[in-house]
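Heads up, my_file_38.tsv below (TSV, C-alpha atoms and all ligand atoms):
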chain	number	residue	atom	x	y	z
A	391	MET	CA	-51.28	-14.92	-95.59
A	392	SER	CA	-48.63	-12.82	-97.31
A	393	ALA	CA	-46.12	-10.78	-95.25
A	394	ASN	CA	-46.36	-6.97	-95.19
A	395	SER	CA	-44.27	-5.20	-97.78
A	396	PRO	CA	-41.43	-2.93	-96.53
A	397	ALA	CA	-43.55	0.13	-97.41
A	398	GLN	CA	-46.54	-1.18	-95.44
A	399	ALA	CA	-44.33	-1.94	-92.41
A	400	TYR	CA	-42.81	1.54	-92.64
A	401	PHE	CA	-46.17	3.31	-92.58
A	402	ARG	CA	-47.52	1.00	-89.84
A	403	ASP	CA	-44.55	1.93	-87.61
A	404	ILE	CA	-45.29	5.63	-88.18
A	405	TYR	CA	-48.97	5.05	-87.38
A	406	GLU	CA	-48.16	3.14	-84.13
A	407	THR	CA	-45.69	5.83	-83.02
A	408	VAL	CA	-48.13	8.69	-83.61
A	409	LYS	CA	-50.91	6.71	-81.89
A	410	SER	CA	-48.81	5.99	-78.76
A	411	ILE	CA	-47.74	9.66	-78.53
A	412	ALA	CA	-51.40	10.75	-78.80
A	413	ILE	CA	-52.40	8.33	-76.02
A	414	GLY	CA	-49.56	9.59	-73.78
A	415	MET	CA	-50.42	13.24	-74.46
A	416	ARG	CA	-54.09	12.62	-73.68
A	417	ILE	CA	-53.13	11.20	-70.24
A	418	THR	CA	-50.69	14.07	-69.61
A	419	LEU	CA	-53.30	16.70	-70.52
A	420	LYS	CA	-55.86	15.01	-68.28
A	421	TYR	CA	-53.53	15.35	-65.25
A	422	CYS	CA	-52.57	18.93	-66.22
A	423	PHE	CA	-56.09	20.06	-65.37
A	424	SER	CA	-56.79	17.84	-62.36
A	425	LYS	CA	-56.44	18.93	-58.70
A	426	THR	CA	-52.84	19.07	-57.40
A	427	VAL	CA	-52.17	16.45	-54.73
A	428	THR	CA	-48.48	17.15	-54.08
A	429	VAL	CA	-47.12	19.97	-51.91
A	430	GLN	CA	-43.93	22.01	-52.25
A	431	TYR	CA	-42.42	20.68	-49.04
A	432	PRO	CA	-40.90	22.21	-46.94
A	433	TYR	CA	-42.20	25.55	-48.28
A	434	GLU	CA	-45.75	24.33	-47.68
A	435	LYS	CA	-46.54	22.72	-44.33
A	436	ILE	CA	-48.00	19.23	-44.30
A	437	ALA	CA	-50.83	18.58	-41.85
A	438	PHE	CA	-50.39	15.19	-40.22
A	439	ALA	CA	-53.22	13.02	-38.94
A	440	PRO	CA	-53.60	13.13	-35.12
A	441	ARG	CA	-52.48	9.52	-34.83
A	442	TYR	CA	-49.55	9.86	-37.24
A	443	ARG	CA	-46.61	7.71	-36.06
A	444	GLY	CA	-43.32	9.54	-36.59
A	445	ILE	CA	-39.97	9.68	-34.80
A	446	HIS	CA	-40.58	9.11	-31.10
A	447	GLU	CA	-40.83	11.72	-28.37
A	448	PHE	CA	-39.34	10.56	-25.08
A	449	GLU	CA	-39.77	12.13	-21.63
A	450	ALA	CA	-36.61	10.92	-19.90
A	451	ASP	CA	-37.52	12.39	-16.51
A	452	LYS	CA	-40.64	10.16	-16.32
A	453	CYS	CA	-39.01	6.91	-17.50
A	454	ILE	CA	-38.53	4.27	-14.80
A	455	ALA	CA	-36.45	2.03	-17.11
A	456	CYS	CA	-38.85	-0.87	-16.62
A	457	ASP	CA	-38.09	-2.33	-20.07
A	458	ALA	CA	-41.80	-2.83	-20.90
A	459	CYS	CA	-41.41	-0.88	-24.16
A	460	ALA	CA	-38.29	-2.83	-25.16
A	461	LYS	CA	-40.04	-6.14	-24.47
A	462	ALA	CA	-43.04	-5.06	-26.59
A	463	CYS	CA	-40.85	-4.05	-29.53
A	464	PRO	CA	-41.13	-6.72	-32.24
A	465	VAL	CA	-37.72	-5.93	-33.75
A	466	ASP	CA	-35.72	-5.37	-30.53
A	467	CYS	CA	-34.55	-1.90	-31.42
A	468	ILE	CA	-34.92	-0.20	-28.01
A	469	TYR	CA	-31.84	-0.21	-25.73
A	470	ILE	CA	-32.18	0.74	-22.04
A	471	GLU	CA	-29.58	0.91	-19.27
A	472	LYS	CA	-29.92	2.15	-15.69
A	473	SER	CA	-27.53	2.37	-12.74
A	474	ALA	CA	-30.14	1.17	-10.21
A	475	PRO	CA	-33.95	0.66	-10.02
A	476	ARG	CA	-36.11	3.70	-10.70
A	477	LYS	CA	-39.63	4.50	-9.60
A	478	VAL	CA	-42.11	7.35	-9.89
A	479	ASP	CA	-42.12	9.98	-7.15
A	480	LYS	CA	-45.85	10.46	-6.52
A	481	ALA	CA	-45.36	14.05	-5.38
A	482	THR	CA	-43.68	15.24	-8.57
A	483	GLY	CA	-44.65	12.58	-11.13
A	484	LYS	CA	-40.95	12.30	-12.03
A	485	ALA	CA	-38.76	9.22	-11.91
A	486	ILE	CA	-36.33	8.92	-9.00
A	487	GLY	CA	-33.74	6.37	-7.92
A	488	GLY	CA	-30.98	5.14	-10.21
A	489	GLU	CA	-29.73	7.08	-13.21
A	490	LEU	CA	-31.13	6.42	-16.67
A	491	LEU	CA	-27.81	5.71	-18.38
A	492	ARG	CA	-29.20	4.94	-21.81
A	493	TYR	CA	-32.48	5.03	-23.71
A	494	ALA	CA	-31.84	4.57	-27.42
A	495	ILE	CA	-33.87	3.55	-30.47
A	496	ASP	CA	-32.29	2.18	-33.65
A	497	TYR	CA	-34.19	3.71	-36.58
A	498	GLN	CA	-32.50	1.36	-39.01
A	499	LYS	CA	-34.81	-1.29	-37.54
A	500	CYS	CA	-37.82	0.61	-36.17
A	501	MET	CA	-40.96	0.10	-38.24
A	502	PHE	CA	-43.07	2.76	-36.47
A	503	CYS	CA	-45.65	0.28	-35.26
A	504	GLY	CA	-46.21	2.17	-31.98
A	505	LEU	CA	-46.32	-1.04	-29.90
A	506	CYS	CA	-43.66	0.36	-27.54
A	507	THR	CA	-45.94	3.20	-26.45
A	508	GLU	CA	-48.82	1.03	-25.27
A	509	PRO	CA	-47.42	-0.75	-22.17
A	510	CYS	CA	-45.52	2.24	-20.76
A	511	PRO	CA	-46.67	2.70	-17.13
A	512	THR	CA	-45.66	6.36	-17.00
A	513	ASP	CA	-46.76	7.36	-20.51
A	514	CYS	CA	-43.35	8.76	-21.35
A	515	ILE	CA	-42.75	7.34	-24.84
A	516	HIS	CA	-44.91	8.69	-27.68
A	517	MET	CA	-45.02	8.54	-31.45
A	518	GLY	CA	-44.15	12.07	-32.67
A	519	LYS	CA	-44.85	14.03	-35.83
A	520	ASN	CA	-41.36	14.22	-37.36
A	521	HIS	CA	-40.88	11.88	-40.27
A	522	ASP	CA	-37.35	12.70	-41.35
A	523	LEU	CA	-34.17	11.36	-39.76
A	524	SER	CA	-31.76	11.82	-42.66
A	525	SER	CA	-28.12	11.53	-41.64
A	526	TYR	CA	-24.66	10.93	-43.02
A	527	SER	CA	-23.90	7.66	-41.21
A	528	ARG	CA	-25.62	4.51	-39.96
A	529	GLU	CA	-24.50	5.31	-36.39
A	530	GLU	CA	-26.58	8.51	-36.46
A	531	MET	CA	-29.69	6.40	-37.08
A	532	VAL	CA	-29.44	5.21	-33.47
A	533	VAL	CA	-30.96	8.04	-31.47
A	534	GLU	CA	-29.68	8.32	-27.89
A	535	PHE	CA	-32.80	9.84	-26.34
A	536	ALA	CA	-31.59	9.93	-22.71
A	537	GLU	CA	-28.36	11.67	-23.73
A	538	LEU	CA	-30.26	14.06	-26.02
A	539	HIS	CA	-32.61	15.02	-23.19
A	540	LYS	CA	-29.73	15.52	-20.76
A	541	LYS	CA	-27.80	17.77	-23.16
A	542	THR	CA	-30.60	19.76	-24.78
A	543	GLY	CA	-33.90	19.11	-22.97
A	544	GLN	CA	-35.39	17.99	-26.31
A	545	LEU	CA	-37.87	15.13	-26.50
A	546	THR	CA	-36.90	14.26	-30.05
A	547	PRO	CA	-33.92	14.86	-32.36
A	548	MET	CA	-33.81	18.02	-34.49
A	549	PRO	CA	-34.38	17.13	-38.15
A	550	LEU	CA	-31.83	18.39	-40.70
A	551	TRP	CA	-34.59	20.12	-42.70
A	552	ALA	CA	-35.55	22.17	-39.63
A	553	GLU	CA	-31.97	23.28	-39.02
A	554	ARG	CA	-31.46	24.20	-42.66
A	555	ASN	CA	-34.74	25.98	-43.41
A	556	ALA	CA	-35.62	27.76	-40.15
A	557	ASP	CA	-34.08	31.06	-41.30
A	558	THR	CA	-36.15	31.25	-44.46
A	559	ILE	CA	-39.45	29.46	-43.78
A	560	PRO	CA	-41.60	30.79	-40.90
A	561	TRP	CA	-43.46	27.55	-40.04
A	562	VAL	CA	-40.14	25.67	-39.90
A	563	ALA	CA	-38.78	28.28	-37.45
A	564	THR	CA	-41.84	27.68	-35.25
A	565	GLU	CA	-41.37	23.91	-35.42
A	566	LYS	CA	-37.65	24.19	-34.61
A	567	ALA	CA	-38.40	26.40	-31.59
A	568	ARG	CA	-40.99	23.87	-30.35
A	569	ILE	CA	-38.47	21.02	-30.52
A	570	GLU	CA	-35.83	23.15	-28.77
A	571	ARG	CA	-38.27	23.96	-25.96
A	572	GLY	CA	-38.82	20.22	-25.42
A	573	GLU	CA	-42.53	20.42	-26.25
A	574	SER	CA	-44.48	17.49	-27.64
A	575	ALA	CA	-46.11	17.79	-31.08
A	576	THR	CA	-49.08	15.68	-30.04
A	577	HIS	CA	-51.48	16.66	-27.28
A	578	GLU	CA	-54.20	14.52	-25.77
A	579	ALA	CA	-56.84	16.87	-27.18
A	580	ASP	CA	-55.55	16.15	-30.72
A	581	ILE	CA	-56.40	12.47	-30.45
A	582	PRO	CA	-60.05	11.64	-31.17
A	583	SER	CA	-61.75	9.09	-28.92
A	584	VAL	CA	-62.63	5.88	-30.76
B	601	LIG	S1	-42.38	1.79	-33.03
B	601	LIG	FE1	-42.42	-0.47	-33.05
B	601	LIG	S2	-40.49	-1.04	-34.00
B	601	LIG	FE2	-40.28	1.11	-33.41
B	601	LIG	S3	-39.34	1.07	-31.38
B	601	LIG	FE3	-41.57	1.10	-31.06
B	601	LIG	S4	-42.17	-1.06	-30.91
B	601	LIG	FE4	-40.11	-1.01	-31.80
B	602	LIG	S1	-42.09	1.41	-20.76
B	602	LIG	FE1	-41.95	3.59	-20.36
B	602	LIG	S2	-41.11	3.73	-18.28
B	602	LIG	FE2	-40.71	1.64	-19.00
B	602	LIG	S3	-38.66	1.76	-19.94
B	602	LIG	FE3	-40.12	2.09	-21.58
B	602	LIG	S4	-40.33	4.31	-21.71
B	602	LIG	FE4	-39.39	3.87	-19.74
Could you show the structure in this file as structure tokens?
Ligand code: SF4
Ligand code: SF4
Amino acid sequence: MSANSPAQAYFRDIYETVKSIAIGMRITLKYCFSKTVTVQYPYEKIAFAPRYRGIHEFEADKCIACDACAKACPVDCIYIEKSAPRKVDKATGKAIGGELLRYAIDYQKCMFCGLCTEPCPTDCIHMGKNHDLSSYSREEMVVEFAELHKKTGQLTPMPLWAERNADTIPWVATEKARIERGESATHEADIPSV
């Protein structure tokens, strides 16, 4: 079989180029008219599934520092320290006894499996709805929940996007206020029975 002449090769290259552009444009046009699946976050609010597993929410005043969550964690990223044993006061439902010196989770390691929430005897550690823990250092990826609760009353850290957009986006202002009030994003009624 004889090889293509230079002229034949030249016109074949032009044909292949035009053909590949036409194929690409056909795909582009197809998606131009299909339903949009992305949202302009954070201007548009994203609705999370009831069982979405985001950054934890921790109720420090109910934690008895029993270590059950830390033992259940497959990557050992929960750190707990107490000054003395703690137990639940039946009258108030709050933990009494020694001081909860530290309850921290390292989000460089956490894989959001939710296994830590299952054995908790006082139901004080939950998977929250915040998904963003952007920060400027690795150290900031370790969230000191007990310290955070003591200083601010918050169950979960304030995301940067909430701090930066609360003045201009109404739903972000509402979300920021909820976190500041120490309210959980997930309520029992949100979770369907299975
Ligand atoms: S969600 Fe999973 S990985 Fe993260 S702290 Fe809980 S048990 Fe550990
Ligand atoms: S299992 Fe619950 S009560 Fe026990 S240390 Fe963990 S968060 Fe606290």
Given 5 Å on each side, where is the centre and what are the edge lengths in Å to one decimal of the axis-aligned box enclosing the listed atoms of ligand LIG 602 (chain B), as JSON?
{"center_x": -40.4, "center_y": 2.9, "center_z": -20.0, "size_x": 13.4, "size_y": 12.9, "size_z": 13.4}
Surrounding residues of Glu508 in chain A excluding itself and chain neighbours under 5 positions, 10 Å, only C-alpha atoms, as a list of chain:residue names: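 Returned residues: A:Ala458, A:Cys459, A:Ala462, A:Asp513, A:Ile515, A:His516.
The two atoms in question, CA of Glu573 in chain A and CA of Pro547 in chain A, are spaced 11.9 Å apart.
Minimum atom-to-atom distance to Glu471 in chain A, evaluated using only C-alpha atoms, belongs to A:Ala536 out of A:Ala536, A:Gln430, A:Lys499, A:Cys510.
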Using 9 Å as the limit and counting only C-alpha atoms and all ligand atoms, can you tabulate each residue of chain A that touches ligand LIG 601 (chain B), with its shortest atom-to-atom distance in Å and the two atoms involved, as a tab-separated table?
residue	atom	partner	partner_atom	distance
A:Arg443	CA	B:LIG601	S1	7.9
A:Gly444	CA	B:LIG601	S1	8.6
A:Ile445	CA	B:LIG601	S1	8.4
A:His446	CA	B:LIG601	S1	7.8
A:Cys459	CA	B:LIG601	S4	6.8
A:Ala460	CA	B:LIG601	FE4	7.1
A:Lys461	CA	B:LIG601	S4	8.5
A:Ala462	CA	B:LIG601	S4	6.0
A:Cys463	CA	B:LIG601	S4	3.5
A:Pro464	CA	B:LIG601	FE4	5.8
A:Val465	CA	B:LIG601	S2	5.6
A:Asp466	CA	B:LIG601	FE4	6.3
A:Cys467	CA	B:LIG601	S3	5.6
A:Ile468	CA	B:LIG601	S3	5.7
A:Ile495	CA	B:LIG601	S3	6.1
A:Asp496	CA	B:LIG601	S3	7.5
A:Tyr497	CA	B:LIG601	FE2	7.3
A:Lys499	CA	B:LIG601	S2	6.7
A:Cys500	CA	B:LIG601	FE2	3.7
A:Met501	CA	B:LIG601	S2	4.4
A:Phe502	CA	B:LIG601	S1	3.6
A:Cys503	CA	B:LIG601	FE1	4.0
A:Gly504	CA	B:LIG601	S1	4.0
A:Leu505	CA	B:LIG601	S4	4.3
A:Cys506	CA	B:LIG601	S4	3.9
A:Thr507	CA	B:LIG601	FE3	6.7
A:Glu508	CA	B:LIG601	S4	9.0
A:Ile515	CA	B:LIG601	FE3	8.9
A:His516	CA	B:LIG601	FE3	9.0
A:Met517	CA	B:LIG601	S1	7.4
